[in-house]
Amino acid sequence: MNATRAVIRSRQWKDHRHLVALMVALLLWALSLPLIDLSRVNDLGLVSVLPLSFYVALLLLAISAWSLLQRSHLPEALLGAHLVALIVILHVTLPLLYVVPRFGWTYKHLGVVDYIVQRGRVDPVIDAYHNWPGFFSLIASTVRLARLPDALELARWTPAAFNFLYLLPLAMIYRSFTPHRRVLWFAAWIFVLGNWVGQDYFSPQAFAYLLYLFVIAACLTWLVPQRTSAEPGTMPPPLLYALLLLSAFAIAASHQLTPFMLLASIAALWIAGVRRLWSVFILILLVTLSWDAGMASTYLSRYSHWYSSFGDLERNLQFNVEQPVEYSRTHTLVIRLTRLTTLGLWAVAAVGIIRELRQKRTNWRIVLLAAAPFPMIALGAYGGEMLLRIYLFSLPFMALLAATVFMPADSQPLRRWESWGSLALMLLLQAGILFSAYGNERTNRILPADVQAAKFLYSSAPPGSAVVTFSVDSFPLKLTGDYAEYWHLPIVDDQLDRNVQLTALDYQALQEEMRNRGIPAGFVVFSATQQVYAETNRILAPGAYESFVRIVRDHPEARLIYRNSATMIYRITPAPSRVPQ
Amino acid sequence: MKLPTQIPTLLLGTALTLVPTVPWEVRLVAGVALLLSGPGLLLAPLYGRHPPASFWTLVLITSLLVQFMSALTLLYIGTFTPANLFLLDLIFVAGLWLLSVHWPWAGRQP
């Protein structure tokens, strides 16, 4: 009796130690935030300005979680609290520091939501978003029901929210594969640290990914559970199929690529011997084809580039693995560390497969689910982002395979190499995500001053006028519902132009383009973020930005109509008509 | 989580969501809570025996899908108003509840 009490007391004491470590880690993180000077971010990204206390917080959290994983009796509530703290540190830091959402392209999504809130409908002629409006309509309904001023605040916190939400279906997936909780928790930890691709922002793909995880989880848990599943598989079939149908519909109506990733995963399970899933495959295929051929036909019939690269494996591969712009030695380091983290995780997962093969207990469902997204490279180049998406969709299963390397599928204490290996993996991934996810913060950041300027612009520029910028990705363009009523004219092409010199001839060409298109007025936006983006990515030659500012400023018909701490807006006029009046 | 005991919470949530003088942050939290609690309360007693991960996933995804379907339907039929959203939410929740409780096959093992 006394011995039992002593064990319980010892466990409680250990739990208290971990709780204290967790609180200290969060306190250190909170204290480190005011010490971060964002104006000093260099080509290494966020790590260049993080104070020592931030790293100590992450280190303390990792060691505490690792120590918990060593115990034969897992305190799951504490482990869960550690995982939540990890997500908070990784995904709440930037929203707190930046005040407005990250990434210029987030604001286009806000514009579509605003369009729906204002008009209560979509117009498929405008752009792709109006052909796959599922996510936007969901957010618009939340804005309408809660009568929010806009979705700006929602967008700011979305990455943290999605990372929390992903954990729920992820836990179901892992429980369907293994009854060993240590493997589950370690895999979830690896997933959070491996999720660096930045697709968890305010976007349809982040929402569709949640539903993708749910469909896989529901199939594995309730439709075709394995004998080793830790989940009791009870669910009335009508409700289960209704949820699967609605999920497939929501995915198809929200995002172009995710349904095909889901089909690949279901096909992988079918190949792994789960023949019962053919009906789910047909269901998803029919729903996807119906949406694409019906509701999205306006877009697909006008823009063939979306499917023109179908089957062109060589071109798609070339487009996806071409060298990114390495604009400095430090940025080259960021790119190399990102690749190293990715390949490292895949290598550990491969070791997991080999280990299971040797022990003759390979679970082919996991292996094939991890491999399923890779053939999708043949589907299309996806703007050079297909490899990133492949990584994301294989991540849940790669993480599980990697976890099995260090966490044996039994309740035995970890061997020394397993124990130290798991700590090394946690720390390496933790260091890796700081570079891979936050290595481009010089160019990913949007300033509150930019948002204020963009709001002013769209509220004061007359419809039919042109918004002229240096890039489409570094200014909050199209952030209001009226965005379709304006011309958006970038001076340079983000993707194709490099080291462009801007002269008075470019200004003249801009004016002539306005005249030829019948645009009555133009608004040229100069902003610090655009300058950093265009110069860092070598889109503009050194000095080209300042040179163009001078050209516009000195032009007799250009008029400064707005100025704040980081932005200037000039109103310009089109070139005179060639036809004598 | 039984329906009768949660009725005051639901009423309070609805009131907070609808009263215009309530700050929008509070309205948002109340709205999200309502979004989750509607389908959650109806389906929870049926699936409460599941482990927490699958139970909360079910509640979350069902709530999201209900709201999603309401919003998308109203978007395409051109009647995107808060009242219609509420109404359609109720219809979808009722539909799912019927599927899970009163369907002839309800309760059978898949």
# chains A, B, ... in the order shown; residues from 1 in each chain; ligands from 1
call {"tool": "closest_atom_pairs", "arguments": {"of": "chain A", "to": "chain B", "cutoff": "8 Å", "atoms": "only C-alpha atoms", "output": "CSV"}}
result
residue,atom,partner,partner_atom,distance
A:Ile116,CA,B:Leu75,CA,7.9
A:Gly120,CA,B:Phe80,CA,5.0
A:Arg121,CA,B:Leu75,CA,5.0
A:Val122,CA,B:Leu75,CA,7.1
A:Pro133,CA,B:Leu72,CA,7.9
A:Gly134,CA,B:Leu72,CA,6.3
A:Phe135,CA,B:Phe68,CA,7.7
A:Ser137,CA,B:Ala71,CA,5.5
A:Leu138,CA,B:Phe68,CA,5.1
A:Ala140,CA,B:Ala71,CA,7.9
A:Ser141,CA,B:Ala71,CA,5.9
A:Thr142,CA,B:Gly31,CA,7.5
A:Arg144,CA,B:Pro82,CA,6.2
A:Leu145,CA,B:Pro82,CA,5.4
A:Ala146,CA,B:Leu28,CA,5.2
A:Arg147,CA,B:Trp24,CA,7.0
A:Leu148,CA,B:Trp24,CA,5.7
A:Pro149,CA,B:Trp24,CA,7.9
A:Leu168,CA,B:Ala53,CA,5.4
A:Pro169,CA,B:Thr57,CA,6.0
A:Ala171,CA,B:Ala53,CA,6.2
A:Met172,CA,B:Ser54,CA,5.9
A:Leu211,CA,B:Ile61,CA,7.7
A:Phe214,CA,B:Ile61,CA,7.7
A:Trp222,CA,B:Pro110,CA,7.2
A:Leu223,CA,B:Pro110,CA,6.3
A:Glu231,CA,B:Pro51,CA,7.2
A:Pro232,CA,B:His50,CA,7.0
A:Gly233,CA,B:Gln109,CA,7.9
A:Thr234,CA,B:Gln109,CA,5.9
A:Met235,CA,B:Pro110,CA,6.8
A:Pro236,CA,B:Ala106,CA,4.8
A:Pro237,CA,B:Pro110,CA,5.5
A:Pro238,CA,B:Leu99,CA,5.8
A:Leu239,CA,B:Ser100,CA,5.2
A:Ala242,CA,B:Leu96,CA,7.7
A:Leu243,CA,B:Thr62,CA,7.3
A:Leu246,CA,B:Leu65,CA,6.6
A:Ser247,CA,B:Leu65,CA,6.9
A:Ala250,CA,B:Phe68,CA,7.2
call {"tool": "select_by_dssp", "arguments": {"residues": "stretch 344-572 of chain A", "states": "strand (DSSP E or B)", "output": "list in words"}}
result
Ala466, Val467, Val468, Thr469, Trp487, His488, Leu489, Pro490, Val500, Gly522, Phe523, Val524, Val525, Phe526, Ser527, Leu540, Arg559, Leu560, Ile561, Tyr562, Arg563, Thr567, Met568, Ile569, Tyr570, Arg571 and Ile572 of chain A
call {"tool": "closest_residue", "arguments": {"among": "A:Asn42, A:Ser64, A:Ser290, A:Ser265", "to": "A:Pro373", "atoms": "only C-alpha atoms"}}
result
A:Ser265
call {"tool": "decode", "arguments": {"residues": "stretch 491-507 of chain A", "atoms": "all heavy atoms", "output": "compact mmCIF listing (two decimals), in the first residue's frame"}}
result
# COMPACT_ATOMS: atom_id res chain seq x y z
N ILE A 491 3.70 46.71 -62.56
CA ILE A 491 4.70 47.31 -63.43
C ILE A 491 5.68 46.25 -63.92
O ILE A 491 6.18 46.30 -65.04
CB ILE A 491 5.45 48.43 -62.68
CG1 ILE A 491 4.45 49.54 -62.35
CG2 ILE A 491 6.61 49.00 -63.50
CD1 ILE A 491 4.97 50.58 -61.42
N VAL A 492 5.96 45.27 -63.04
CA VAL A 492 6.86 44.17 -63.44
C VAL A 492 6.17 42.84 -63.15
O VAL A 492 5.21 42.78 -62.38
CB VAL A 492 8.19 44.23 -62.66
CG1 VAL A 492 9.11 45.28 -63.21
CG2 VAL A 492 7.96 44.47 -61.18
N ASP A 493 6.68 41.79 -63.76
CA ASP A 493 6.13 40.45 -63.54
C ASP A 493 6.96 39.75 -62.45
O ASP A 493 8.14 39.47 -62.64
CB ASP A 493 6.19 39.65 -64.86
CG ASP A 493 5.46 38.32 -64.75
OD1 ASP A 493 5.58 37.67 -63.70
OD2 ASP A 493 4.76 37.95 -65.71
N ASP A 494 6.29 39.43 -61.31
CA ASP A 494 6.98 38.79 -60.17
C ASP A 494 7.71 37.52 -60.57
O ASP A 494 8.77 37.20 -60.06
CB ASP A 494 5.94 38.35 -59.12
CG ASP A 494 5.39 39.52 -58.36
OD1 ASP A 494 5.51 40.62 -58.88
OD2 ASP A 494 4.86 39.31 -57.27
N GLN A 495 7.08 36.76 -61.46
CA GLN A 495 7.59 35.43 -61.78
C GLN A 495 8.68 35.45 -62.85
O GLN A 495 9.62 34.67 -62.78
CB GLN A 495 6.44 34.53 -62.27
CG GLN A 495 5.27 34.41 -61.30
CD GLN A 495 5.68 33.72 -60.02
OE1 GLN A 495 6.45 32.76 -60.03
NE2 GLN A 495 5.20 34.21 -58.88
N LEU A 496 8.53 36.35 -63.83
CA LEU A 496 9.42 36.28 -64.99
C LEU A 496 10.52 37.34 -65.00
O LEU A 496 11.63 37.08 -65.46
CB LEU A 496 8.59 36.40 -66.28
CG LEU A 496 7.50 35.34 -66.46
CD1 LEU A 496 6.68 35.64 -67.69
CD2 LEU A 496 8.13 33.95 -66.58
N ASP A 497 10.21 38.53 -64.51
CA ASP A 497 11.19 39.62 -64.62
C ASP A 497 12.30 39.50 -63.59
O ASP A 497 12.05 39.14 -62.43
CB ASP A 497 10.48 40.97 -64.45
CG ASP A 497 9.66 41.33 -65.68
OD1 ASP A 497 9.98 40.80 -66.75
OD2 ASP A 497 8.71 42.12 -65.56
N ARG A 498 13.52 39.83 -64.01
CA ARG A 498 14.65 39.88 -63.09
C ARG A 498 15.53 41.08 -63.42
O ARG A 498 15.81 41.35 -64.58
CB ARG A 498 15.50 38.59 -63.19
CG ARG A 498 14.81 37.34 -62.65
CD ARG A 498 14.67 37.39 -61.11
NE ARG A 498 13.89 36.27 -60.60
CZ ARG A 498 12.57 36.28 -60.36
NH1 ARG A 498 11.87 37.37 -60.59
NH2 ARG A 498 11.96 35.23 -59.89
N ASN A 499 15.96 41.78 -62.38
CA ASN A 499 16.86 42.93 -62.50
C ASN A 499 16.39 43.98 -63.51
O ASN A 499 17.15 44.42 -64.37
CB ASN A 499 18.26 42.45 -62.86
CG ASN A 499 18.92 41.80 -61.66
OD1 ASN A 499 18.88 42.35 -60.56
ND2 ASN A 499 19.47 40.62 -61.85
N VAL A 500 15.13 44.33 -63.39
CA VAL A 500 14.56 45.30 -64.33
C VAL A 500 14.97 46.72 -63.95
O VAL A 500 14.92 47.10 -62.78
CB VAL A 500 13.01 45.17 -64.32
CG1 VAL A 500 12.38 46.23 -65.20
CG2 VAL A 500 12.59 43.79 -64.75
N GLN A 501 15.39 47.50 -64.94
CA GLN A 501 15.65 48.93 -64.75
C GLN A 501 14.38 49.67 -65.17
O GLN A 501 13.83 49.37 -66.22
CB GLN A 501 16.81 49.37 -65.65
CG GLN A 501 18.14 48.79 -65.28
CD GLN A 501 18.78 49.49 -64.08
OE1 GLN A 501 18.19 50.40 -63.51
NE2 GLN A 501 19.96 49.03 -63.69
N LEU A 502 13.93 50.61 -64.38
CA LEU A 502 12.73 51.35 -64.74
C LEU A 502 13.12 52.77 -65.16
O LEU A 502 13.88 53.45 -64.46
CB LEU A 502 11.76 51.39 -63.56
CG LEU A 502 11.16 50.03 -63.17
CD1 LEU A 502 10.36 50.14 -61.89
CD2 LEU A 502 10.27 49.47 -64.28
N THR A 503 12.59 53.19 -66.30
CA THR A 503 12.91 54.53 -66.81
C THR A 503 11.61 55.28 -67.11
O THR A 503 10.51 54.73 -66.94
CB THR A 503 13.72 54.42 -68.11
OG1 THR A 503 12.87 53.80 -69.09
CG2 THR A 503 14.97 53.60 -67.93
N ALA A 504 11.77 56.49 -67.63
CA ALA A 504 10.60 57.29 -68.00
C ALA A 504 9.78 56.60 -69.09
O ALA A 504 8.57 56.79 -69.19
CB ALA A 504 11.05 58.66 -68.47
N LEU A 505 10.45 55.75 -69.87
CA LEU A 505 9.73 55.03 -70.93
C LEU A 505 8.71 54.05 -70.34
O LEU A 505 7.64 53.83 -70.90
CB LEU A 505 10.72 54.26 -71.81
CG LEU A 505 11.59 55.11 -72.75
CD1 LEU A 505 12.59 54.24 -73.47
CD2 LEU A 505 10.70 55.86 -73.74
N ASP A 506 9.07 53.45 -69.19
CA ASP A 506 8.13 52.53 -68.54
C ASP A 506 6.90 53.29 -68.05
O ASP A 506 5.78 52.80 -68.11
CB ASP A 506 8.82 51.82 -67.37
CG ASP A 506 9.90 50.89 -67.84
OD1 ASP A 506 9.57 49.85 -68.41
OD2 ASP A 506 11.09 51.22 -67.68
N TYR A 507 7.14 54.49 -67.53
CA TYR A 507 6.01 55.31 -67.08
C TYR A 507 5.12 55.67 -68.26
O TYR A 507 3.89 55.60 -68.19
CB TYR A 507 6.54 56.57 -66.39
CG TYR A 507 5.45 57.42 -65.80
CD1 TYR A 507 4.71 56.99 -64.70
CD2 TYR A 507 5.12 58.65 -66.36
CE1 TYR A 507 3.69 57.76 -64.17
CE2 TYR A 507 4.10 59.43 -65.83
CZ TYR A 507 3.39 58.98 -64.74
OH TYR A 507 2.37 59.74 -64.21
